[in-house]
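Novice: For reference, this is entry-v3.pdb, and it has PDB, C-alpha atoms.
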```
ATOM      1  CA  MET A   1      48.203 -18.797  38.486
ATOM      2  CA  VAL A   2      45.609 -16.008  38.345
ATOM      3  CA  ARG A   3      46.532 -14.942  41.851
ATOM      4  CA  ALA A   4      50.217 -14.778  40.909
ATOM      5  CA  VAL A   5      49.552 -12.617  37.842
ATOM      6  CA  TRP A   6      47.332 -10.321  39.904
ATOM      7  CA  ALA A   7      50.070  -9.894  42.520
ATOM      8  CA  VAL A   8      52.606  -8.961  39.848
ATOM      9  CA  LEU A   9      50.237  -6.431  38.311
ATOM     10  CA  ARG A  10      49.605  -4.854  41.699
ATOM     11  CA  MET A  11      53.336  -4.600  42.350
ATOM     12  CA  VAL A  12      54.004  -2.989  38.955
ATOM     13  CA  SER A  13      51.114  -0.588  39.446
ATOM     14  CA  CYS A  14      52.362   0.495  42.875
ATOM     15  CA  GLN A  15      55.908   0.913  41.622
ATOM     16  CA  GLY A  16      54.706   3.000  38.689
ATOM     17  CA  ALA A  17      52.750   5.258  41.024
ATOM     18  CA  ALA A  18      55.817   5.627  43.243
ATOM     19  CA  VAL A  19      57.962   6.611  40.252
ATOM     20  CA  LEU A  20      55.409   9.197  39.134
ATOM     21  CA  LYS A  21      55.187  10.545  42.663
ATOM     22  CA  SER A  22      58.954  10.787  43.048
ATOM     23  CA  ASN A  23      59.103  13.011  39.962
ATOM     24  CA  VAL A  24      56.754  15.596  41.459
ATOM     25  CA  PRO A  25      58.547  18.207  43.617
ATOM     26  CA  GLY A  26      57.434  18.535  47.204
ATOM     27  CA  THR A  27      55.686  15.129  47.440
ATOM     28  CA  SER A  28      57.850  13.336  49.979
ATOM     29  CA  ARG A  29      54.854  12.651  52.244
ATOM     30  CA  ALA A  30      52.173  10.171  51.321
ATOM     31  CA  ALA A  31      49.367  11.732  49.335
ATOM     32  CA  ALA A  32      45.807  11.570  50.608
ATOM     33  CA  PRO A  33      43.584   9.171  48.630
ATOM     34  CA  TRP A  34      41.648  10.829  45.796
ATOM     35  CA  THR A  35      37.894  10.882  46.075
ATOM     36  CA  ARG A  36      35.473  11.856  43.328
ATOM     37  CA  PRO A  37      33.920  15.280  44.021
ATOM     38  CA  PRO A  38      30.146  15.437  44.283
ATOM     39  CA  PRO A  39      28.249  16.420  41.096
ATOM     40  CA  ALA A  40      27.567  19.998  42.321
ATOM     41  CA  SER A  41      31.285  20.613  42.961
ATOM     42  CA  ARG A  42      32.156  19.280  39.509
ATOM     43  CA  ALA A  43      29.571  21.598  37.959
ATOM     44  CA  LEU A  44      30.955  24.646  39.794
ATOM     45  CA  SER A  45      34.525  23.760  38.815
ATOM     46  CA  SER A  46      33.445  23.362  35.207
ATOM     47  CA  GLU A  47      31.689  26.739  35.239
ATOM     48  CA  ALA A  48      34.737  28.425  36.807
ATOM     49  CA  ARG A  49      36.988  26.945  34.112
ATOM     50  CA  ARG A  50      34.569  28.120  31.429
ATOM     51  CA  LEU A  51      34.591  31.683  32.771
ATOM     52  CA  GLN A  52      38.369  31.716  33.095
ATOM     53  CA  SER A  53      38.778  30.588  29.491
ATOM     54  CA  ALA A  54      36.233  33.148  28.258
ATOM     55  CA  VAL A  55      37.720  36.107  30.157
ATOM     56  CA  ARG A  56      41.480  36.100  29.920
ATOM     57  CA  MET A  57      43.977  38.862  30.522
ATOM     58  CA  PRO A  58      44.896  40.246  27.103
ATOM     59  CA  GLU A  59      48.466  41.336  26.529
ATOM     60  CA  ILE A  60      48.120  45.069  27.202
ATOM     61  CA  THR A  61      51.178  47.238  27.699
ATOM     62  CA  THR A  62      51.017  49.707  30.569
ATOM     63  CA  ASP A  63      54.512  51.144  30.135
ATOM     64  CA  HIS A  64      53.136  54.503  28.990
ATOM     65  CA  LEU A  65      50.725  54.835  31.938
ATOM     66  CA  ASP A  66      51.227  56.496  35.316
ATOM     67  CA  GLU A  67      53.139  54.187  37.666
ATOM     68  CA  LYS A  68      50.909  54.776  40.697
ATOM     69  CA  GLN A  69      47.729  54.231  38.696
ATOM     70  CA  VAL A  70      49.168  51.039  37.196
ATOM     71  CA  GLN A  71      49.822  49.689  40.698
ATOM     72  CA  LEU A  72      46.144  50.186  41.508
ATOM     73  CA  LEU A  73      45.225  47.908  38.589
ATOM     74  CA  ALA A  74      46.160  44.943  40.800
ATOM     75  CA  GLU A  75      43.275  45.656  43.203
ATOM     76  CA  MET A  76      40.638  42.936  43.287
ATOM     77  CA  CYS A  77      37.145  44.061  42.316
ATOM     78  CA  ILE A  78      33.876  42.276  43.095
ATOM     79  CA  LEU A  79      32.482  40.465  40.070
ATOM     80  CA  ILE A  80      28.679  40.373  39.879
ATOM     81  CA  ASP A  81      25.925  39.246  37.551
ATOM     82  CA  GLU A  82      23.301  41.615  36.154
ATOM     83  CA  ASN A  83      21.251  41.211  39.330
ATOM     84  CA  ASP A  84      24.190  42.373  41.483
ATOM     85  CA  GLN A  85      24.805  38.881  42.847
ATOM     86  CA  LYS A  86      28.449  38.153  43.688
ATOM     87  CA  ILE A  87      30.057  35.601  41.387
ATOM     88  CA  GLY A  88      33.777  36.069  42.077
ATOM     89  CA  ALA A  89      36.687  38.488  41.927
ATOM     90  CA  ASP A  90      39.068  39.845  39.325
ATOM     91  CA  THR A  91      41.694  42.548  39.009
ATOM     92  CA  LYS A  92      40.814  46.152  38.357
ATOM     93  CA  LYS A  93      42.835  45.835  35.162
ATOM     94  CA  ASN A  94      40.852  42.906  33.864
ATOM     95  CA  CYS A  95      37.540  44.522  34.827
ATOM     96  CA  HIS A  96      38.291  47.682  32.843
ATOM     97  CA  LEU A  97      39.507  46.180  29.570
ATOM     98  CA  ASN A  98      36.977  46.612  26.779
ATOM     99  CA  SER A  99      37.846  43.170  25.439
ATOM    100  CA  ASN A 100      36.541  41.631  28.672
ATOM    101  CA  ILE A 101      33.647  44.057  29.085
ATOM    102  CA  ASP A 102      32.429  42.985  25.639
ATOM    103  CA  LYS A 103      32.247  39.431  26.992
ATOM    104  CA  GLY A 104      30.017  40.559  29.846
ATOM    105  CA  LEU A 105      32.474  41.144  32.704
ATOM    106  CA  LEU A 106      30.657  43.318  35.277
ATOM    107  CA  HIS A 107      31.772  44.654  38.656
ATOM    108  CA  ARG A 108      30.344  46.538  41.635
ATOM    109  CA  ALA A 109      31.044  50.260  42.048
ATOM    110  CA  PHE A 110      29.786  53.395  43.791
ATOM    111  CA  SER A 111      29.328  57.111  43.177
ATOM    112  CA  VAL A 112      29.381  59.561  46.091
ATOM    113  CA  PHE A 113      27.696  62.979  46.017
ATOM    114  CA  ILE A 114      28.709  65.334  48.851
ATOM    115  CA  PHE A 115      26.832  68.623  49.331
ATOM    116  CA  ASN A 116      27.969  71.385  51.664
ATOM    117  CA  SER A 117      25.817  73.405  54.055
ATOM    118  CA  GLU A 118      24.970  75.766  51.177
ATOM    119  CA  GLU A 119      23.600  72.784  49.222
ATOM    120  CA  LYS A 120      26.367  73.050  46.641
ATOM    121  CA  LEU A 121      27.695  69.826  45.116
ATOM    122  CA  LEU A 122      31.396  68.959  45.352
ATOM    123  CA  LEU A 123      32.788  68.004  41.940
ATOM    124  CA  GLN A 124      36.206  66.733  40.994
ATOM    125  CA  GLN A 125      38.112  66.788  37.741
ATOM    126  CA  ARG A 126      39.893  63.492  37.293
ATOM    127  CA  SER A 127      43.656  63.790  36.940
ATOM    128  CA  ASP A 128      45.355  63.317  33.599
ATOM    129  CA  ALA A 129      47.072  60.284  35.134
ATOM    130  CA  LYS A 130      43.790  58.351  35.421
ATOM    131  CA  ILE A 131      43.530  55.382  33.080
ATOM    132  CA  THR A 132      39.811  55.764  32.379
ATOM    133  CA  PHE A 133      38.266  59.126  31.545
ATOM    134  CA  PRO A 134      41.295  61.315  32.420
ATOM    135  CA  GLY A 135      40.622  65.033  32.745
ATOM    136  CA  CYS A 136      36.851  64.564  32.931
ATOM    137  CA  PHE A 137      34.648  66.311  35.482
ATOM    138  CA  THR A 138      32.546  64.049  37.653
ATOM    139  CA  ASN A 139      30.740  63.741  40.976
ATOM    140  CA  THR A 140      32.550  63.867  44.322
ATOM    141  CA  CYS A 141      34.062  60.377  44.249
ATOM    142  CA  CYS A 142      33.664  57.321  42.018
ATOM    143  CA  SER A 143      35.368  54.002  42.684
ATOM    144  CA  HIS A 144      34.700  50.370  43.612
ATOM    145  CA  PRO A 145      34.583  48.234  46.753
ATOM    146  CA  LEU A 146      37.342  45.658  47.031
ATOM    147  CA  HIS A 147      36.957  41.905  47.349
ATOM    148  CA  THR A 148      37.693  41.985  51.091
ATOM    149  CA  ASP A 149      35.585  40.814  54.023
ATOM    150  CA  SER A 150      34.704  44.325  55.208
ATOM    151  CA  GLU A 151      33.753  45.631  51.762
ATOM    152  CA  LEU A 152      31.942  42.479  50.621
ATOM    153  CA  GLU A 153      29.374  42.827  53.422
ATOM    154  CA  GLU A 154      26.026  43.562  51.796
ATOM    155  CA  LYS A 155      23.561  44.357  54.593
ATOM    156  CA  ASP A 156      22.392  47.961  54.063
ATOM    157  CA  ALA A 157      25.258  48.305  51.549
ATOM    158  CA  ILE A 158      27.654  48.700  54.479
ATOM    159  CA  GLY A 159      30.587  47.245  52.526
ATOM    160  CA  VAL A 160      30.100  49.751  49.716
ATOM    161  CA  ARG A 161      29.785  52.617  52.196
ATOM    162  CA  ARG A 162      33.035  51.549  53.897
ATOM    163  CA  ALA A 163      34.724  51.535  50.495
ATOM    164  CA  ALA A 164      33.418  55.051  49.846
ATOM    165  CA  GLN A 165      34.884  56.260  53.130
ATOM    166  CA  ARG A 166      38.242  54.725  52.173
ATOM    167  CA  ARG A 167      38.303  56.345  48.728
ATOM    168  CA  LEU A 168      37.138  59.767  49.940
ATOM    169  CA  LYS A 169      40.227  59.764  52.133
ATOM    170  CA  ALA A 170      42.516  58.473  49.370
ATOM    171  CA  GLU A 171      41.338  60.834  46.629
ATOM    172  CA  LEU A 172      40.175  63.991  48.393
ATOM    173  CA  GLY A 173      42.056  63.689  51.677
ATOM    174  CA  ILE A 174      38.825  63.934  53.688
ATOM    175  CA  PRO A 175      39.466  62.685  57.240
ATOM    176  CA  MET A 176      37.671  59.369  57.673
ATOM    177  CA  GLU A 177      35.919  60.540  60.829
ATOM    178  CA  GLN A 178      34.219  63.256  58.756
ATOM    179  CA  VAL A 179      32.685  60.781  56.288
ATOM    180  CA  THR A 180      31.490  57.823  58.316
ATOM    181  CA  PRO A 181      29.372  55.157  56.597
ATOM    182  CA  ASP A 182      26.434  55.988  58.905
ATOM    183  CA  GLU A 183      26.310  59.509  57.451
ATOM    184  CA  MET A 184      25.929  58.262  53.865
ATOM    185  CA  THR A 185      22.476  57.698  52.395
ATOM    186  CA  TYR A 186      22.309  54.789  49.970
ATOM    187  CA  LEU A 187      19.654  55.731  47.407
ATOM    188  CA  THR A 188      19.645  53.211  44.558
ATOM    189  CA  ARG A 189      21.756  51.479  41.895
ATOM    190  CA  ILE A 190      22.396  52.129  38.216
ATOM    191  CA  HIS A 191      23.834  49.768  35.598
ATOM    192  CA  TYR A 192      25.785  51.334  32.757
ATOM    193  CA  LYS A 193      28.568  50.585  30.274
ATOM    194  CA  ALA A 194      30.912  53.072  28.584
ATOM    195  CA  GLN A 195      34.192  53.008  26.663
ATOM    196  CA  SER A 196      36.938  55.433  27.636
ATOM    197  CA  ASP A 197      39.102  54.648  24.604
ATOM    198  CA  GLY A 198      39.872  51.669  22.397
ATOM    199  CA  VAL A 199      41.374  49.690  25.288
ATOM    200  CA  TRP A 200      39.795  50.785  28.561
ATOM    201  CA  GLY A 201      36.210  51.228  29.709
ATOM    202  CA  GLU A 202      33.634  50.804  32.474
ATOM    203  CA  HIS A 203      30.870  48.264  33.067
ATOM    204  CA  GLU A 204      29.417  48.657  36.534
ATOM    205  CA  ILE A 205      26.454  48.414  38.818
ATOM    206  CA  ASP A 206      26.894  51.689  40.634
ATOM    207  CA  TYR A 207      25.603  52.363  44.173
ATOM    208  CA  ILE A 208      24.491  55.987  44.583
ATOM    209  CA  LEU A 209      25.509  57.514  47.939
ATOM    210  CA  PHE A 210      24.442  60.985  49.134
ATOM    211  CA  MET A 211      25.786  63.034  52.011
ATOM    212  CA  GLN A 212      25.449  66.644  53.168
ATOM    213  CA  LYS A 213      28.280  67.956  55.289
ATOM    214  CA  ASP A 214      31.070  70.530  55.303
ATOM    215  CA  VAL A 215      34.319  68.570  55.022
ATOM    216  CA  GLU A 216      38.041  69.301  54.976
ATOM    217  CA  LEU A 217      39.774  68.685  51.637
ATOM    218  CA  SER A 218      43.358  67.821  50.758
ATOM    219  CA  PRO A 219      43.186  66.234  47.276
ATOM    220  CA  ASP A 220      45.813  63.853  45.917
ATOM    221  CA  PRO A 221      47.045  65.405  42.628
ATOM    222  CA  ASN A 222      47.608  61.929  41.215
ATOM    223  CA  GLU A 223      43.868  61.364  41.532
ATOM    224  CA  ILE A 224      42.351  64.816  41.140
ATOM    225  CA  LYS A 225      43.309  67.649  38.796
ATOM    226  CA  SER A 226      40.896  70.186  40.289
ATOM    227  CA  HIS A 227      37.754  70.393  42.417
ATOM    228  CA  CYS A 228      34.947  72.850  43.000
ATOM    229  CA  TYR A 229      31.537  73.304  44.600
ATOM    230  CA  VAL A 230      28.731  74.091  42.174
ATOM    231  CA  SER A 231      25.132  75.237  42.433
ATOM    232  CA  LYS A 232      22.386  73.624  40.356
ATOM    233  CA  GLU A 233      22.570  76.412  37.800
ATOM    234  CA  GLU A 234      26.346  76.160  37.573
ATOM    235  CA  LEU A 235      26.131  72.404  36.975
ATOM    236  CA  LYS A 236      23.468  72.889  34.299
ATOM    237  CA  GLU A 237      25.846  75.295  32.553
ATOM    238  CA  MET A 238      28.653  72.719  32.763
ATOM    239  CA  LEU A 239      26.380  70.080  31.243
ATOM    240  CA  ALA A 240      25.545  72.489  28.417
ATOM    241  CA  LYS A 241      29.252  73.146  27.824
ATOM    242  CA  ALA A 242      29.867  69.387  27.703
ATOM    243  CA  LYS A 243      27.264  69.058  24.949
ATOM    244  CA  ARG A 244      29.115  71.790  23.051
ATOM    245  CA  LYS A 245      32.374  69.843  23.575
ATOM    246  CA  GLU A 246      33.834  72.677  25.653
ATOM    247  CA  LEU A 247      34.588  70.350  28.570
ATOM    248  CA  GLU A 248      34.297  66.638  29.313
ATOM    249  CA  ILE A 249      32.068  64.924  31.872
ATOM    250  CA  THR A 250      32.207  61.237  32.803
ATOM    251  CA  PRO A 251      29.427  59.157  31.235
ATOM    252  CA  TRP A 252      28.018  57.880  34.543
ATOM    253  CA  PHE A 253      27.789  61.401  35.993
ATOM    254  CA  SER A 254      26.145  62.655  32.817
ATOM    255  CA  LEU A 255      23.579  59.829  32.931
ATOM    256  CA  ILE A 256      22.749  60.475  36.596
ATOM    257  CA  ALA A 257      22.548  64.234  36.056
ATOM    258  CA  GLU A 258      20.173  63.809  33.110
ATOM    259  CA  THR A 259      17.809  61.511  35.013
ATOM    260  CA  PHE A 260      17.716  61.630  38.814
ATOM    261  CA  LEU A 261      20.200  64.131  40.197
ATOM    262  CA  PHE A 262      18.244  67.385  40.244
ATOM    263  CA  LYS A 263      15.143  65.721  41.716
ATOM    264  CA  TRP A 264      17.252  64.295  44.528
ATOM    265  CA  TRP A 265      19.106  67.580  44.935
ATOM    266  CA  ASP A 266      15.795  69.431  45.425
ATOM    267  CA  ASN A 267      15.012  67.112  48.340
ATOM    268  CA  LEU A 268      18.250  66.806  50.298
ATOM    269  CA  GLN A 269      16.322  67.008  53.571
ATOM    270  CA  ASN A 270      13.841  64.329  52.502
ATOM    271  CA  LEU A 271      15.784  61.678  50.600
ATOM    272  CA  LYS A 272      14.037  58.692  52.167
ATOM    273  CA  GLN A 273      11.226  58.963  49.624
ATOM    274  CA  PHE A 274      13.729  58.183  46.861
ATOM    275  CA  MET A 275      15.438  55.215  48.504
ATOM    276  CA  ASP A 276      14.972  52.203  46.236
ATOM    277  CA  HIS A 277      17.164  49.241  47.083
ATOM    278  CA  ASP A 278      15.223  46.751  44.985
ATOM    279  CA  SER A 279      15.611  48.312  41.547
ATOM    280  CA  ILE A 280      18.657  48.465  39.313
ATOM    281  CA  HIS A 281      18.203  51.243  36.768
ATOM    282  CA  ARG A 282      19.578  50.161  33.387
ATOM    283  CA  MET A 283      21.086  53.227  31.703
TER
END
```
Once more with this new file: its structure as structure tokens, please.

Specialist:
Amino acid sequence: MVRAVWAVLRMVSCQGAAVLKSNVPGTSRAAAPWTRPPPASRALSSEARRLQSAVRMPEITTDHLDEKQVQLLAEMCILIDENDQKIGADTKKNCHLNSNIDKGLLHRAFSVFIFNSEEKLLLQQRSDAKITFPGCFTNTCCSHPLHTDSELEEKDAIGVRRAAQRRLKAELGIPMEQVTPDEMTYLTRIHYKAQSDGVWGEHEIDYILFMQKDVELSPDPNEIKSHCYVSKEELKEMLAKAKRKELEITPWFSLIAETFLFKWWDNLQNLKQFMDHDSIHRM
């Protein structure tokens, strides 16, 4: 009797599973048996779900923003912790929303400083189309490596330097053969956070890259409003004007200029003494 009841229960159970399976699209083939994931996998999945629930894409309208710049918001940035350890990826849009930055979302970035043979620094003024800090003056190029194999590579910051080469071409039109990663000196990293407006902002660990070379320029007006080479004295005057609210400078460039820049600039031929790949300077 017990055996008969057990057989019936097994048949009903199998039929129920078949009915459930038949209601799921694309499940005509037999499903592989489910196995319980190991404890470590369950912990990682739980942590990923926690992060996803904590950092969600708020409903932000981009209808009023520049179409080309909005397209770039789909790029995937490298998410990191405060020690610059990779923890995942997220869109440029999500990384630059203040609502997510306030929850701790942090991504990897870089700032390039190119000096010509006269030891003048190439500056750009960000275009009015830029979503963060439009119209502000800043260093030669500021952007972020993408979550791709070539730009994720960390040895000697080669992935970041490849990303810098890519963006120098995209923003300033510098031929890629004129700005090879081998010619860039990776000095150190800074960690900063700044709001651009009530919606958008920055929260980055920024790799500082120096290079001295005369390069050809053909800036993209969607990226750059103007550009110029400045001497140390000319930059100091610009910084003074920014304090008087006569022009605007990006917060990361202002922080670097007020701390390290002029010391590095005085030693362009001897930068090795300033290379510090272990520290992250909290600004």

Novice: Which is closest to Ser117 of chain A among A:Arg162, A:Lys86, A:Lys213, A:Lys245, if we use all atoms listed in the file?

Specialist: A:Lys213

Novice: Nearest residue to Leu105 of chain A out of A:Ile190, A:Cys141, A:Leu122, A:Ile87, using only C-alpha atoms?

Specialist: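 Among the listed residues, the smallest separation from Leu105 of chain A belongs to A:Ile87.
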
Novice: What gap, in Å, lies between atom CA of Thr62 of chain A and atom CA of Ile131 of chain A?

Specialist: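 Separation between atom CA of Thr62 of chain A and atom CA of Ile131 of chain A: 9.7 Å.
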
Novice: Starting from the shown file, work through the PyMOL selection byres ((chain A and resi 276) around 12) and note down what comes out as JSON, numbers by chain.

Specialist: {"A": [156, 185, 186, 187, 188, 189, 190, 207, 208, 209, 271, 272, 273, 274, 275, 277, 278, 279, 280, 281]}

Novice: For the PyMOL selection byres ((chain A and resi 192) around 9), applied here, can you spell out every residue it catches as a count of residues only?

Specialist: 15

Novice: Of the candidates A:Cys95, A:Ala109, A:Arg126, A:Phe260, which shows the shortest atom-to-atom distance to Gly159 of chain A, using all atoms listed in the file?

Specialist: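 Of A:Cys95, A:Ala109, A:Arg126, A:Phe260, the one nearest Gly159 of chain A, counting all atoms listed in the file, is A:Ala109.
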
Novice: Need the shell around Phe133 of chain A: protein/DNA/RNA residues with any atom at most 12 Å away, counting only C-alpha atoms. Skip same-chain ones fewer than 4 positions apart. Format as a list in words?

Specialist: His96, Gln125, Arg126, Ser127, Asp128, Ala129, Phe137, Thr138, Cys142, Ala194, Gln195, Ser196, Asp197, Gly198, Val199, Trp200, Gly201, Glu202, Glu223, Ile224, Glu248, Ile249, Thr250, Pro251, Trp252 and Phe253 of chain A

Novice: Draw an axis-aligned box over all listed atoms of segment 118-124 of chain A, pad each side with 5 Å, and write its centre and edge lengths in Å, one decimal, as JSON.

Specialist:
```
{"center_x": 29.9, "center_y": 71.2, "center_z": 46.1, "size_x": 22.6, "size_y": 19.0, "size_z": 20.2}
```

Novice: Model the absent atoms of segment 175-185 of chain A so that all heavy atoms are present, and write the result as a PDB file, in the frame of the given file.

Specialist:
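The resulting part-v7.pdb:
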```pdb
ATOM      1  N   PRO A 175      39.257  63.553  56.072  1.00  0.00           N
ATOM      2  CA  PRO A 175      39.466  62.685  57.240  1.00  0.00           C
ATOM      3  C   PRO A 175      38.330  61.680  57.372  1.00  0.00           C
ATOM      4  O   PRO A 175      37.151  62.023  57.191  1.00  0.00           O
ATOM      5  CB  PRO A 175      39.481  63.680  58.412  1.00  0.00           C
ATOM      6  CG  PRO A 175      39.910  64.983  57.799  1.00  0.00           C
ATOM      7  CD  PRO A 175      39.307  64.995  56.424  1.00  0.00           C
ATOM      8  N   MET A 176      38.668  60.434  57.667  1.00  0.00           N
ATOM      9  CA  MET A 176      37.671  59.369  57.673  1.00  0.00           C
ATOM     10  C   MET A 176      36.582  59.600  58.714  1.00  0.00           C
ATOM     11  O   MET A 176      35.429  59.209  58.515  1.00  0.00           O
ATOM     12  CB  MET A 176      38.347  58.013  57.874  1.00  0.00           C
ATOM     13  CG  MET A 176      39.252  57.635  56.720  1.00  0.00           C
ATOM     14  SD  MET A 176      40.033  56.006  56.877  1.00  0.00           S
ATOM     15  CE  MET A 176      38.652  54.927  56.512  1.00  0.00           C
ATOM     16  N   GLU A 177      36.935  60.286  59.802  1.00  0.00           N
ATOM     17  CA  GLU A 177      35.919  60.540  60.829  1.00  0.00           C
ATOM     18  C   GLU A 177      34.881  61.566  60.369  1.00  0.00           C
ATOM     19  O   GLU A 177      33.811  61.695  60.976  1.00  0.00           O
ATOM     20  CB  GLU A 177      36.572  61.006  62.130  1.00  0.00           C
ATOM     21  CG  GLU A 177      37.340  62.309  62.061  1.00  0.00           C
ATOM     22  CD  GLU A 177      38.800  62.150  61.659  1.00  0.00           C
ATOM     23  OE1 GLU A 177      39.167  61.047  61.151  1.00  0.00           O
ATOM     24  OE2 GLU A 177      39.573  63.115  61.853  1.00  0.00           O
ATOM     25  N   GLN A 178      35.176  62.279  59.284  1.00  0.00           N
ATOM     26  CA  GLN A 178      34.219  63.256  58.756  1.00  0.00           C
ATOM     27  C   GLN A 178      33.251  62.647  57.741  1.00  0.00           C
ATOM     28  O   GLN A 178      32.265  63.287  57.361  1.00  0.00           O
ATOM     29  CB  GLN A 178      34.961  64.429  58.115  1.00  0.00           C
ATOM     30  CG  GLN A 178      35.717  65.297  59.090  1.00  0.00           C
ATOM     31  CD  GLN A 178      36.324  66.529  58.431  1.00  0.00           C
ATOM     32  OE1 GLN A 178      36.005  66.880  57.288  1.00  0.00           O
ATOM     33  NE2 GLN A 178      37.226  67.190  59.144  1.00  0.00           N
ATOM     34  N   VAL A 179      33.542  61.434  57.293  1.00  0.00           N
ATOM     35  CA  VAL A 179      32.685  60.781  56.288  1.00  0.00           C
ATOM     36  C   VAL A 179      32.427  59.335  56.713  1.00  0.00           C
ATOM     37  O   VAL A 179      32.814  58.389  56.026  1.00  0.00           O
ATOM     38  CB  VAL A 179      33.312  60.845  54.877  1.00  0.00           C
ATOM     39  CG1 VAL A 179      33.147  62.220  54.278  1.00  0.00           C
ATOM     40  CG2 VAL A 179      34.797  60.459  54.913  1.00  0.00           C
ATOM     41  N   THR A 180      31.762  59.163  57.826  1.00  0.00           N
ATOM     42  CA  THR A 180      31.490  57.823  58.316  1.00  0.00           C
ATOM     43  C   THR A 180      30.395  57.160  57.488  1.00  0.00           C
ATOM     44  O   THR A 180      29.508  57.851  56.942  1.00  0.00           O
ATOM     45  CB  THR A 180      31.067  57.848  59.791  1.00  0.00           C
ATOM     46  OG1 THR A 180      29.836  58.567  59.904  1.00  0.00           O
ATOM     47  CG2 THR A 180      32.131  58.519  60.648  1.00  0.00           C
ATOM     48  N   PRO A 181      30.413  55.846  57.366  1.00  0.00           N
ATOM     49  CA  PRO A 181      29.372  55.157  56.597  1.00  0.00           C
ATOM     50  C   PRO A 181      27.956  55.479  57.069  1.00  0.00           C
ATOM     51  O   PRO A 181      27.035  55.560  56.249  1.00  0.00           O
ATOM     52  CB  PRO A 181      29.720  53.677  56.815  1.00  0.00           C
ATOM     53  CG  PRO A 181      31.200  53.674  57.024  1.00  0.00           C
ATOM     54  CD  PRO A 181      31.477  54.930  57.804  1.00  0.00           C
ATOM     55  N   ASP A 182      27.770  55.693  58.373  1.00  0.00           N
ATOM     56  CA  ASP A 182      26.434  55.988  58.905  1.00  0.00           C
ATOM     57  C   ASP A 182      25.869  57.298  58.373  1.00  0.00           C
ATOM     58  O   ASP A 182      24.650  57.498  58.360  1.00  0.00           O
ATOM     59  CB  ASP A 182      26.469  56.040  60.437  1.00  0.00           C
ATOM     60  CG  ASP A 182      26.671  54.672  61.059  1.00  0.00           C
ATOM     61  OD1 ASP A 182      26.463  53.671  60.344  1.00  0.00           O
ATOM     62  OD2 ASP A 182      27.038  54.597  62.251  1.00  0.00           O
ATOM     63  N   GLU A 183      26.760  58.208  57.942  1.00  0.00           N
ATOM     64  CA  GLU A 183      26.310  59.509  57.451  1.00  0.00           C
ATOM     65  C   GLU A 183      25.949  59.486  55.966  1.00  0.00           C
ATOM     66  O   GLU A 183      25.447  60.477  55.442  1.00  0.00           O
ATOM     67  CB  GLU A 183      27.398  60.557  57.696  1.00  0.00           C
ATOM     68  CG  GLU A 183      27.687  60.820  59.168  1.00  0.00           C
ATOM     69  CD  GLU A 183      28.862  61.758  59.354  1.00  0.00           C
ATOM     70  OE1 GLU A 183      30.010  61.312  59.146  1.00  0.00           O
ATOM     71  OE2 GLU A 183      28.630  62.933  59.694  1.00  0.00           O
ATOM     72  N   MET A 184      26.202  58.374  55.297  1.00  0.00           N
ATOM     73  CA  MET A 184      25.929  58.262  53.865  1.00  0.00           C
ATOM     74  C   MET A 184      24.557  57.641  53.640  1.00  0.00           C
ATOM     75  O   MET A 184      24.216  56.638  54.258  1.00  0.00           O
ATOM     76  CB  MET A 184      27.000  57.408  53.181  1.00  0.00           C
ATOM     77  CG  MET A 184      28.406  57.923  53.334  1.00  0.00           C
ATOM     78  SD  MET A 184      29.611  56.780  52.604  1.00  0.00           S
ATOM     79  CE  MET A 184      31.144  57.424  53.284  1.00  0.00           C
ATOM     80  N   THR A 185      23.786  58.233  52.751  1.00  0.00           N
ATOM     81  CA  THR A 185      22.476  57.698  52.395  1.00  0.00           C
ATOM     82  C   THR A 185      22.593  56.924  51.090  1.00  0.00           C
ATOM     83  O   THR A 185      22.957  57.486  50.046  1.00  0.00           O
ATOM     84  CB  THR A 185      21.448  58.831  52.226  1.00  0.00           C
ATOM     85  OG1 THR A 185      21.322  59.529  53.460  1.00  0.00           O
ATOM     86  CG2 THR A 185      20.087  58.270  51.823  1.00  0.00           C
TER      87      THR A 185
END
```
